[in-house]
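Enquirer: Please find protein_14.cif (mmCIF, N, CA and C atoms) on the next line:
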```
data_run
loop_
_atom_site.label_atom_id
_atom_site.label_comp_id
_atom_site.auth_asym_id
_atom_site.auth_seq_id
_atom_site.Cartn_x
_atom_site.Cartn_y
_atom_site.Cartn_z
N GLN A 46 106.62 100.82 105.70
CA GLN A 46 105.76 101.73 106.45
C GLN A 46 104.55 102.09 105.58
N LEU A 47 103.37 102.12 106.21
CA LEU A 47 102.15 102.46 105.51
C LEU A 47 101.64 103.80 106.00
N GLN A 48 101.21 104.63 105.09
CA GLN A 48 100.75 105.98 105.43
C GLN A 48 99.31 106.15 104.98
N ALA A 49 98.41 106.20 105.93
CA ALA A 49 96.99 106.34 105.64
C ALA A 49 96.58 107.80 105.72
N SER A 50 95.66 108.17 104.86
CA SER A 50 95.16 109.55 104.85
C SER A 50 93.75 109.57 104.28
N GLY A 51 93.11 110.74 104.41
CA GLY A 51 91.80 110.92 103.80
C GLY A 51 90.63 110.92 104.76
N GLY A 52 90.90 110.66 106.03
CA GLY A 52 89.82 110.66 107.00
C GLY A 52 89.31 112.08 107.25
N GLY A 53 88.23 112.17 108.00
CA GLY A 53 87.68 113.47 108.32
C GLY A 53 86.29 113.35 108.90
N LEU A 54 85.65 114.50 109.01
CA LEU A 54 84.29 114.60 109.51
C LEU A 54 83.34 114.78 108.35
N VAL A 55 82.32 113.94 108.28
CA VAL A 55 81.38 113.98 107.16
C VAL A 55 79.98 113.71 107.68
N PRO A 56 78.97 114.35 107.12
CA PRO A 56 77.60 114.07 107.56
C PRO A 56 77.12 112.72 107.03
N ALA A 57 76.16 112.17 107.72
CA ALA A 57 75.58 110.90 107.28
C ALA A 57 75.09 111.04 105.85
N GLY A 58 75.36 110.01 105.08
CA GLY A 58 75.01 110.02 103.67
C GLY A 58 76.13 110.52 102.77
N GLY A 59 77.17 111.05 103.38
CA GLY A 59 78.28 111.59 102.61
C GLY A 59 79.28 110.54 102.19
N SER A 60 80.37 111.01 101.59
CA SER A 60 81.40 110.12 101.06
C SER A 60 82.78 110.59 101.47
N LEU A 61 83.69 109.65 101.54
CA LEU A 61 85.11 109.91 101.77
C LEU A 61 85.91 108.90 100.97
N ARG A 62 87.12 109.29 100.62
CA ARG A 62 88.04 108.33 100.01
C ARG A 62 89.32 108.30 100.82
N LEU A 63 89.63 107.14 101.32
CA LEU A 63 90.86 106.94 102.07
C LEU A 63 91.95 106.44 101.13
N SER A 64 93.18 106.84 101.44
CA SER A 64 94.35 106.37 100.70
C SER A 64 95.36 105.78 101.66
N CYS A 65 96.08 104.82 101.19
CA CYS A 65 97.18 104.24 101.97
C CYS A 65 98.35 104.02 101.03
N GLU A 66 99.44 104.70 101.33
CA GLU A 66 100.64 104.61 100.50
C GLU A 66 101.72 103.81 101.22
N ALA A 67 102.50 103.13 100.43
CA ALA A 67 103.64 102.37 100.96
C ALA A 67 104.88 102.77 100.18
N PRO A 68 105.35 103.97 100.38
CA PRO A 68 106.45 104.48 99.55
C PRO A 68 107.75 103.71 99.72
N GLY A 69 107.91 103.04 100.84
CA GLY A 69 109.15 102.32 101.09
C GLY A 69 109.18 100.92 100.52
N MET A 70 108.05 100.46 100.01
CA MET A 70 107.99 99.10 99.49
C MET A 70 108.51 99.06 98.07
N ASP A 71 109.10 97.93 97.74
CA ASP A 71 109.56 97.76 96.36
C ASP A 71 108.49 97.00 95.57
N PHE A 72 108.91 96.29 94.56
CA PHE A 72 107.98 95.58 93.70
C PHE A 72 107.12 94.59 94.49
N SER A 73 107.57 94.23 95.70
CA SER A 73 106.85 93.24 96.49
C SER A 73 105.47 93.74 96.92
N PHE A 74 105.22 95.05 96.79
CA PHE A 74 103.91 95.58 97.15
C PHE A 74 102.81 94.82 96.44
N SER A 75 103.04 94.53 95.16
CA SER A 75 102.00 93.88 94.36
C SER A 75 101.70 92.47 94.85
N MET A 76 102.60 91.91 95.62
CA MET A 76 102.43 90.53 96.09
C MET A 76 101.62 90.47 97.39
N ASN A 77 101.41 91.62 98.00
CA ASN A 77 100.75 91.64 99.29
C ASN A 77 99.23 91.70 99.16
N ARG A 78 98.57 91.08 100.11
CA ARG A 78 97.15 91.33 100.29
C ARG A 78 97.04 92.61 101.10
N MET A 79 96.31 93.57 100.58
CA MET A 79 96.17 94.87 101.23
C MET A 79 94.75 95.01 101.77
N GLY A 80 94.64 95.62 102.93
CA GLY A 80 93.31 95.71 103.51
C GLY A 80 93.10 96.95 104.35
N TRP A 81 91.85 97.21 104.60
CA TRP A 81 91.43 98.27 105.51
C TRP A 81 90.68 97.63 106.68
N TYR A 82 91.05 98.06 107.87
CA TYR A 82 90.38 97.66 109.09
C TYR A 82 89.90 98.92 109.79
N ARG A 83 88.97 98.77 110.69
CA ARG A 83 88.54 99.93 111.47
C ARG A 83 88.29 99.51 112.91
N GLN A 84 88.42 100.49 113.78
CA GLN A 84 88.18 100.26 115.20
C GLN A 84 87.33 101.41 115.74
N ALA A 85 86.14 101.07 116.17
CA ALA A 85 85.26 102.05 116.79
C ALA A 85 85.55 102.10 118.28
N PRO A 86 85.22 103.19 118.93
CA PRO A 86 85.47 103.29 120.38
C PRO A 86 84.82 102.15 121.15
N GLY A 87 85.62 101.49 121.97
CA GLY A 87 85.10 100.40 122.79
C GLY A 87 84.88 99.10 122.06
N LYS A 88 85.29 99.04 120.79
CA LYS A 88 85.09 97.82 120.02
C LYS A 88 86.41 97.29 119.50
N GLN A 89 86.37 96.04 119.09
CA GLN A 89 87.57 95.43 118.53
C GLN A 89 87.78 95.89 117.09
N ARG A 90 89.01 95.82 116.67
CA ARG A 90 89.33 96.13 115.28
C ARG A 90 88.69 95.07 114.39
N GLU A 91 88.10 95.53 113.29
CA GLU A 91 87.43 94.61 112.39
C GLU A 91 87.84 94.87 110.94
N LEU A 92 87.77 93.82 110.16
CA LEU A 92 88.07 93.95 108.74
C LEU A 92 86.95 94.71 108.05
N VAL A 93 87.34 95.68 107.23
CA VAL A 93 86.38 96.40 106.39
C VAL A 93 86.39 95.82 104.98
N ALA A 94 87.59 95.74 104.42
CA ALA A 94 87.73 95.21 103.06
C ALA A 94 89.18 94.87 102.82
N ASN A 95 89.41 93.89 101.96
CA ASN A 95 90.78 93.65 101.52
C ASN A 95 90.79 93.29 100.05
N ILE A 96 91.99 93.38 99.48
CA ILE A 96 92.16 93.10 98.06
C ILE A 96 93.44 92.29 97.90
N ALA A 97 93.29 91.16 97.25
CA ALA A 97 94.42 90.25 97.08
C ALA A 97 95.32 90.71 95.95
N SER A 98 96.44 90.03 95.83
CA SER A 98 97.39 90.38 94.77
C SER A 98 96.79 90.19 93.38
N ASN A 99 95.82 89.28 93.26
CA ASN A 99 95.17 89.06 91.96
C ASN A 99 93.95 89.95 91.75
N GLY A 100 93.72 90.86 92.70
CA GLY A 100 92.61 91.79 92.57
C GLY A 100 91.31 91.34 93.19
N GLN A 101 91.27 90.13 93.70
CA GLN A 101 90.05 89.63 94.33
C GLN A 101 89.77 90.43 95.59
N THR A 102 88.54 90.81 95.78
CA THR A 102 88.17 91.64 96.93
C THR A 102 87.25 90.91 97.89
N ARG A 103 87.26 91.40 99.11
CA ARG A 103 86.40 90.86 100.15
C ARG A 103 85.93 92.03 101.00
N TYR A 104 84.64 92.01 101.37
CA TYR A 104 84.07 93.10 102.14
C TYR A 104 83.31 92.58 103.36
N ALA A 105 83.32 93.38 104.40
CA ALA A 105 82.44 93.10 105.53
C ALA A 105 81.00 93.30 105.06
N ASP A 106 80.10 92.50 105.60
CA ASP A 106 78.70 92.59 105.18
C ASP A 106 78.15 94.00 105.37
N SER A 107 78.60 94.68 106.40
CA SER A 107 78.05 95.99 106.73
C SER A 107 78.41 97.07 105.72
N VAL A 108 79.41 96.82 104.87
CA VAL A 108 79.84 97.85 103.92
C VAL A 108 79.62 97.44 102.47
N LYS A 109 79.16 96.23 102.24
CA LYS A 109 78.94 95.77 100.86
C LYS A 109 77.97 96.70 100.14
N GLY A 110 78.35 97.05 98.92
CA GLY A 110 77.51 97.92 98.13
C GLY A 110 77.73 99.40 98.40
N ARG A 111 78.47 99.73 99.45
CA ARG A 111 78.74 101.13 99.78
C ARG A 111 80.22 101.48 99.65
N PHE A 112 81.09 100.54 99.97
CA PHE A 112 82.53 100.78 99.95
C PHE A 112 83.16 100.02 98.79
N THR A 113 84.22 100.59 98.26
CA THR A 113 84.98 99.94 97.20
C THR A 113 86.46 100.08 97.49
N ILE A 114 87.14 98.95 97.52
CA ILE A 114 88.58 98.95 97.71
C ILE A 114 89.25 98.76 96.36
N SER A 115 90.37 99.44 96.17
CA SER A 115 91.11 99.30 94.93
C SER A 115 92.60 99.49 95.21
N ARG A 116 93.41 99.12 94.24
CA ARG A 116 94.86 99.27 94.41
C ARG A 116 95.48 99.69 93.10
N VAL A 117 96.54 100.46 93.21
CA VAL A 117 97.35 100.84 92.06
C VAL A 117 98.77 100.48 92.43
N ASN A 118 99.21 99.32 91.95
CA ASN A 118 100.51 98.81 92.36
C ASN A 118 101.65 99.74 91.96
N ALA A 119 101.53 100.36 90.81
CA ALA A 119 102.60 101.24 90.34
C ALA A 119 102.80 102.43 91.28
N LYS A 120 101.76 102.78 92.01
CA LYS A 120 101.84 103.88 92.97
C LYS A 120 102.02 103.39 94.39
N ARG A 121 102.11 102.08 94.57
CA ARG A 121 102.21 101.51 95.92
C ARG A 121 101.08 102.05 96.81
N THR A 122 99.89 102.09 96.28
CA THR A 122 98.78 102.74 96.98
C THR A 122 97.51 101.91 96.88
N ILE A 123 96.74 101.93 97.96
CA ILE A 123 95.39 101.39 97.92
C ILE A 123 94.42 102.48 98.32
N TYR A 124 93.17 102.29 97.93
CA TYR A 124 92.14 103.27 98.21
C TYR A 124 90.91 102.57 98.81
N LEU A 125 90.15 103.35 99.54
CA LEU A 125 88.86 102.88 100.01
C LEU A 125 87.85 103.99 99.75
N GLN A 126 87.02 103.79 98.75
CA GLN A 126 85.96 104.75 98.46
C GLN A 126 84.77 104.38 99.32
N MET A 127 84.33 105.32 100.15
CA MET A 127 83.24 105.06 101.08
C MET A 127 82.07 105.99 100.76
N ASN A 128 80.96 105.39 100.39
CA ASN A 128 79.76 106.15 100.06
C ASN A 128 78.64 105.81 101.04
N SER A 129 77.64 106.66 101.06
CA SER A 129 76.47 106.45 101.92
C SER A 129 76.88 106.15 103.36
N LEU A 130 77.78 106.96 103.86
CA LEU A 130 78.31 106.73 105.20
C LEU A 130 77.22 106.92 106.24
N ASN A 131 77.31 106.13 107.30
CA ASN A 131 76.40 106.29 108.42
C ASN A 131 77.21 106.34 109.71
N THR A 132 76.56 106.63 110.80
CA THR A 132 77.27 106.86 112.05
C THR A 132 78.01 105.61 112.53
N GLU A 133 77.55 104.45 112.12
CA GLU A 133 78.23 103.21 112.52
C GLU A 133 79.55 103.01 111.79
N ASP A 134 79.82 103.83 110.81
CA ASP A 134 81.10 103.76 110.11
C ASP A 134 82.18 104.57 110.82
N THR A 135 81.81 105.26 111.86
CA THR A 135 82.78 106.06 112.62
C THR A 135 83.82 105.17 113.27
N GLY A 136 85.06 105.60 113.18
CA GLY A 136 86.14 104.86 113.80
C GLY A 136 87.49 105.27 113.23
N VAL A 137 88.52 104.64 113.73
CA VAL A 137 89.85 104.84 113.17
C VAL A 137 90.09 103.74 112.14
N TYR A 138 90.46 104.15 110.95
CA TYR A 138 90.68 103.22 109.86
C TYR A 138 92.17 102.99 109.67
N TYR A 139 92.53 101.72 109.63
CA TYR A 139 93.93 101.33 109.49
C TYR A 139 94.11 100.53 108.21
N CYS A 140 95.22 100.77 107.55
CA CYS A 140 95.54 99.92 106.41
C CYS A 140 96.55 98.86 106.83
N ASN A 141 96.52 97.77 106.12
CA ASN A 141 97.33 96.61 106.46
C ASN A 141 97.89 95.98 105.20
N ALA A 142 99.13 95.54 105.29
CA ALA A 142 99.75 94.76 104.22
C ALA A 142 100.10 93.40 104.79
N ALA A 143 99.70 92.35 104.11
CA ALA A 143 99.94 91.00 104.61
C ALA A 143 100.35 90.08 103.48
N ARG A 144 101.22 89.13 103.82
CA ARG A 144 101.61 88.10 102.87
C ARG A 144 102.12 86.91 103.67
N GLY A 145 101.29 85.90 103.74
CA GLY A 145 101.65 84.69 104.50
C GLY A 145 102.02 85.04 105.92
N THR A 146 103.14 84.48 106.36
CA THR A 146 103.63 84.76 107.71
C THR A 146 104.80 85.73 107.70
N THR A 147 105.15 86.22 106.50
CA THR A 147 106.34 87.06 106.39
C THR A 147 106.06 88.54 106.42
N VAL A 148 104.83 88.94 106.12
CA VAL A 148 104.51 90.36 106.06
C VAL A 148 103.23 90.62 106.85
N ASP A 149 103.28 91.55 107.76
CA ASP A 149 102.09 92.00 108.50
C ASP A 149 102.39 93.42 108.98
N LEU A 150 102.09 94.38 108.13
CA LEU A 150 102.40 95.77 108.41
C LEU A 150 101.13 96.58 108.62
N TRP A 151 101.20 97.56 109.52
CA TRP A 151 100.04 98.42 109.80
C TRP A 151 100.42 99.88 109.65
N GLY A 152 99.47 100.65 109.16
CA GLY A 152 99.63 102.09 109.11
C GLY A 152 99.21 102.72 110.43
N GLN A 153 99.31 104.03 110.50
CA GLN A 153 99.07 104.75 111.75
C GLN A 153 97.59 105.01 112.01
N GLY A 154 96.74 104.82 111.04
CA GLY A 154 95.31 105.05 111.23
C GLY A 154 94.89 106.44 110.85
N THR A 155 93.67 106.54 110.35
CA THR A 155 93.08 107.83 110.03
C THR A 155 91.65 107.85 110.56
N GLN A 156 91.29 108.94 111.21
CA GLN A 156 89.99 109.02 111.88
C GLN A 156 88.89 109.37 110.89
N VAL A 157 87.82 108.60 110.95
CA VAL A 157 86.60 108.89 110.18
C VAL A 157 85.47 109.10 111.17
N THR A 158 84.85 110.25 111.07
CA THR A 158 83.73 110.56 111.96
C THR A 158 82.52 110.94 111.11
N VAL A 159 81.43 110.21 111.31
CA VAL A 159 80.21 110.48 110.55
C VAL A 159 79.18 111.05 111.53
N SER A 160 78.73 112.25 111.23
CA SER A 160 77.77 112.92 112.11
C SER A 160 76.34 112.65 111.66
N SER A 161 75.44 112.59 112.62
CA SER A 161 74.03 112.31 112.30
C SER A 161 73.28 113.58 111.93
#
```
Give the structure from the file, written as C-alpha coordinates.

Expert:
Amino acid sequence: QLQASGGGLVPAGGSLRLSCEAPGMDFSFSMNRMGWYRQAPGKQRELVANIASNGQTRYADSVKGRFTISRVNAKRTIYLQMNSLNTEDTGVYYCNAARGTTVDLWGQGTQVTVSS
(Lines of atoms letter the chains of each structure in order from A and count residues from 1; the text may use other names and numbers.)
(Lines give C-alpha, C1' and ligand atoms only; values in the text may rest on other atoms or scores of the structure.)
Protein backbone atom coordinates (compact mmCIF):
# COMPACT_ATOMS: atom_id res chain seq x y z
CA GLN A 1 0.00 0.00 0.00
CA LEU A 2 1.24 3.48 -0.89
CA GLN A 3 0.38 6.52 1.19
CA ALA A 4 0.70 9.90 -0.48
CA SER A 5 0.68 13.18 1.41
CA GLY A 6 1.77 16.78 1.19
CA GLY A 7 -0.77 18.22 -1.20
CA GLY A 8 -2.57 21.47 -0.57
CA LEU A 9 -3.47 24.91 -1.84
CA VAL A 10 -0.58 27.13 -2.89
CA PRO A 11 -0.34 30.38 -4.86
CA ALA A 12 1.32 30.43 -8.24
CA GLY A 13 5.06 30.57 -7.86
CA GLY A 14 4.96 28.65 -4.60
CA SER A 15 6.36 25.29 -3.61
CA LEU A 16 5.14 22.00 -2.18
CA ARG A 17 6.79 18.74 -1.29
CA LEU A 18 4.87 15.54 -1.74
CA SER A 19 5.73 12.32 0.07
CA CYS A 20 4.78 8.75 -0.66
CA GLU A 21 5.42 6.06 1.91
CA ALA A 22 5.24 2.32 1.49
CA PRO A 23 5.35 1.09 5.07
CA GLY A 24 4.19 -2.39 4.16
CA MET A 25 6.95 -3.05 1.66
CA ASP A 26 10.03 -4.98 2.57
CA PHE A 27 13.49 -4.71 1.07
CA SER A 28 11.89 -5.07 -2.37
CA PHE A 29 10.99 -1.36 -2.25
CA SER A 30 14.47 -0.55 -3.49
CA MET A 31 13.92 -2.73 -6.54
CA ASN A 32 10.87 -0.83 -7.71
CA ARG A 33 10.66 2.03 -10.13
CA MET A 34 8.77 4.69 -8.21
CA GLY A 35 6.87 7.49 -9.83
CA TRP A 36 4.48 10.37 -9.52
CA TYR A 37 1.54 10.82 -11.86
CA ARG A 38 -1.11 13.49 -11.90
CA GLN A 39 -4.61 13.85 -13.22
CA ALA A 40 -6.18 17.22 -13.87
CA PRO A 41 -9.96 17.58 -14.14
CA GLY A 42 -11.17 16.28 -17.48
CA LYS A 43 -7.74 15.03 -18.47
CA GLN A 44 -5.98 11.71 -18.53
CA ARG A 45 -3.50 10.70 -15.89
CA GLU A 46 0.02 11.60 -16.95
CA LEU A 47 3.50 10.83 -15.78
CA VAL A 48 5.15 13.64 -13.83
CA ALA A 49 8.40 11.98 -12.84
CA ASN A 50 9.83 8.62 -11.96
CA ILE A 51 12.98 7.27 -10.40
CA ALA A 52 14.46 3.88 -11.14
CA SER A 53 16.05 1.51 -8.68
CA ASN A 54 19.48 2.79 -9.77
CA GLY A 55 18.44 6.39 -9.15
CA GLN A 56 17.96 7.36 -12.77
CA THR A 57 15.21 9.93 -13.11
CA ARG A 58 12.78 10.91 -15.81
CA TYR A 59 10.59 14.00 -15.97
CA ALA A 60 7.72 15.27 -18.06
CA ASP A 61 8.86 18.19 -20.20
CA SER A 62 6.40 20.48 -18.44
CA VAL A 63 8.07 20.04 -15.05
CA LYS A 64 11.75 19.81 -15.97
CA GLY A 65 13.82 22.25 -13.99
CA ARG A 66 11.00 22.85 -11.49
CA PHE A 67 10.31 19.44 -9.93
CA THR A 68 12.72 17.00 -8.33
CA ILE A 69 11.96 13.41 -7.49
CA SER A 70 14.00 11.54 -4.92
CA ARG A 71 13.84 8.36 -2.87
CA VAL A 72 15.07 7.15 0.48
CA ASN A 73 14.93 3.39 0.36
CA ALA A 74 15.63 2.97 4.06
CA LYS A 75 12.44 4.91 4.77
CA ARG A 76 10.45 3.25 1.99
CA THR A 77 9.64 6.77 0.84
CA ILE A 78 9.80 8.91 -2.26
CA TYR A 79 9.45 12.65 -2.53
CA LEU A 80 8.48 15.17 -5.15
CA GLN A 81 9.78 18.67 -4.56
CA MET A 82 7.71 21.05 -6.65
CA ASN A 83 8.89 24.62 -7.16
CA SER A 84 7.62 27.51 -9.27
CA LEU A 85 4.18 25.98 -9.36
CA ASN A 86 1.67 27.26 -11.86
CA THR A 87 -2.04 26.70 -12.34
CA GLU A 88 -1.41 23.94 -14.89
CA ASP A 89 0.15 21.88 -12.12
CA THR A 90 -3.24 21.58 -10.42
CA GLY A 91 -4.51 18.05 -10.12
CA VAL A 92 -4.55 14.91 -8.04
CA TYR A 93 -1.08 13.47 -7.65
CA TYR A 94 -0.66 9.73 -7.37
CA CYS A 95 2.39 7.72 -6.51
CA ASN A 96 3.14 4.45 -8.22
CA ALA A 97 5.42 1.50 -7.62
CA ALA A 98 6.29 -0.66 -10.60
CA ARG A 99 8.59 -3.55 -11.39
CA GLY A 100 8.21 -5.43 -14.64
CA THR A 101 4.87 -7.18 -14.80
CA THR A 102 4.86 -8.24 -11.15
CA VAL A 103 4.38 -4.92 -9.36
CA ASP A 104 1.98 -2.09 -10.20
CA LEU A 105 0.74 -0.36 -7.07
CA TRP A 106 -1.02 2.99 -6.70
CA GLY A 107 -1.54 5.30 -3.78
CA GLN A 108 -4.78 7.09 -2.97
CA GLY A 109 -3.75 10.45 -4.42
CA THR A 110 -3.19 13.85 -2.91
CA GLN A 111 -4.78 17.04 -4.23
CA VAL A 112 -2.57 19.91 -5.38
CA THR A 113 -4.29 23.17 -6.18
CA VAL A 114 -2.36 26.17 -7.48
CA SER A 115 -4.21 29.47 -7.37
CA SER A 116 -3.54 32.31 -9.79

Enquirer: As a check of understanding, name the residues that the PyMOL selection byres (((chain A and resi 57 and name CA) around 7) and name CA) selects in the supplied structure, as a count of residues only.

Expert: 10

Enquirer: Which residues match the PyMOL selection byres (((chain A and resi 113-117 and name CA) around 12) and name CA) in the file above, as JSON, numbers by chain?

Expert: {"A": [60, 61, 62, 63, 64, 65, 66, 67, 72, 74, 75, 76, 77, 78, 79, 80, 81, 82, 93, 94, 95, 96, 97, 98, 99, 100, 101, 102, 103, 104, 105, 108, 109, 110, 111, 112, 118, 119, 120, 121, 122, 123, 124, 125, 126, 127, 128, 129, 140, 142]}

Enquirer: Could you please determine the separation between atom C of Gln89 of chain A and atom C of Gly69 of chain A in Å, to one decimal place?

Expert: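 So the two atoms, atom C of Gln89 of chain A and atom C of Gly69 of chain A, lie 27.5 Å apart.
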
Enquirer: Excluding same-chain residues fewer than 6 positions from Asp134 of chain A, what lies within 8 Å of it counting all atoms listed in the file, as a PyMOL selection string?

Expert: chain A and resi 83-85+157-159

Enquirer: Just so the selection is clear, what residues does the PyMOL selection byres ((chain A and resi 153) around 8) cover here, as an NGL selection string?

Expert: :A and (46-50 or 137-140 or 150-152 or 154-156)

Enquirer: Could you tell me how far atom N of Asp149 of chain A lies from atom N of Pro86 of chain A, in Å and to one decimal?

Expert: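 That distance, rounded to one decimal, is 24.2 Å.
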
Enquirer: Could you pull out the strand (DSSP E) residues of segment 91-124 of chain A from DSSP and send them as a PyMOL selection string?

Expert: chain A and resi 91-96+102-104+112-117+122-124

Enquirer: In Å, with one decimal, what is the gap from atom C of Leu92 of chain A to atom CA of Gly145 of chain A?

Expert: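 Separating atom C of Leu92 of chain A from atom CA of Gly145 of chain A is a distance of 18.1 Å.
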
Enquirer: As a list in words, please: every residue in segment 48-160 of chain A that DSSP puts in helix (DSSP H, G or I).

Expert: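 Assigned to helix (DSSP H, G or I), within segment 48-160 of chain A: Phe72, Ser73, Phe74, Ser75, Met76, Asp106, Ser107, Val108, Asn118, Ala119, Lys120, Thr132, Glu133 and Asp134 of chain A.
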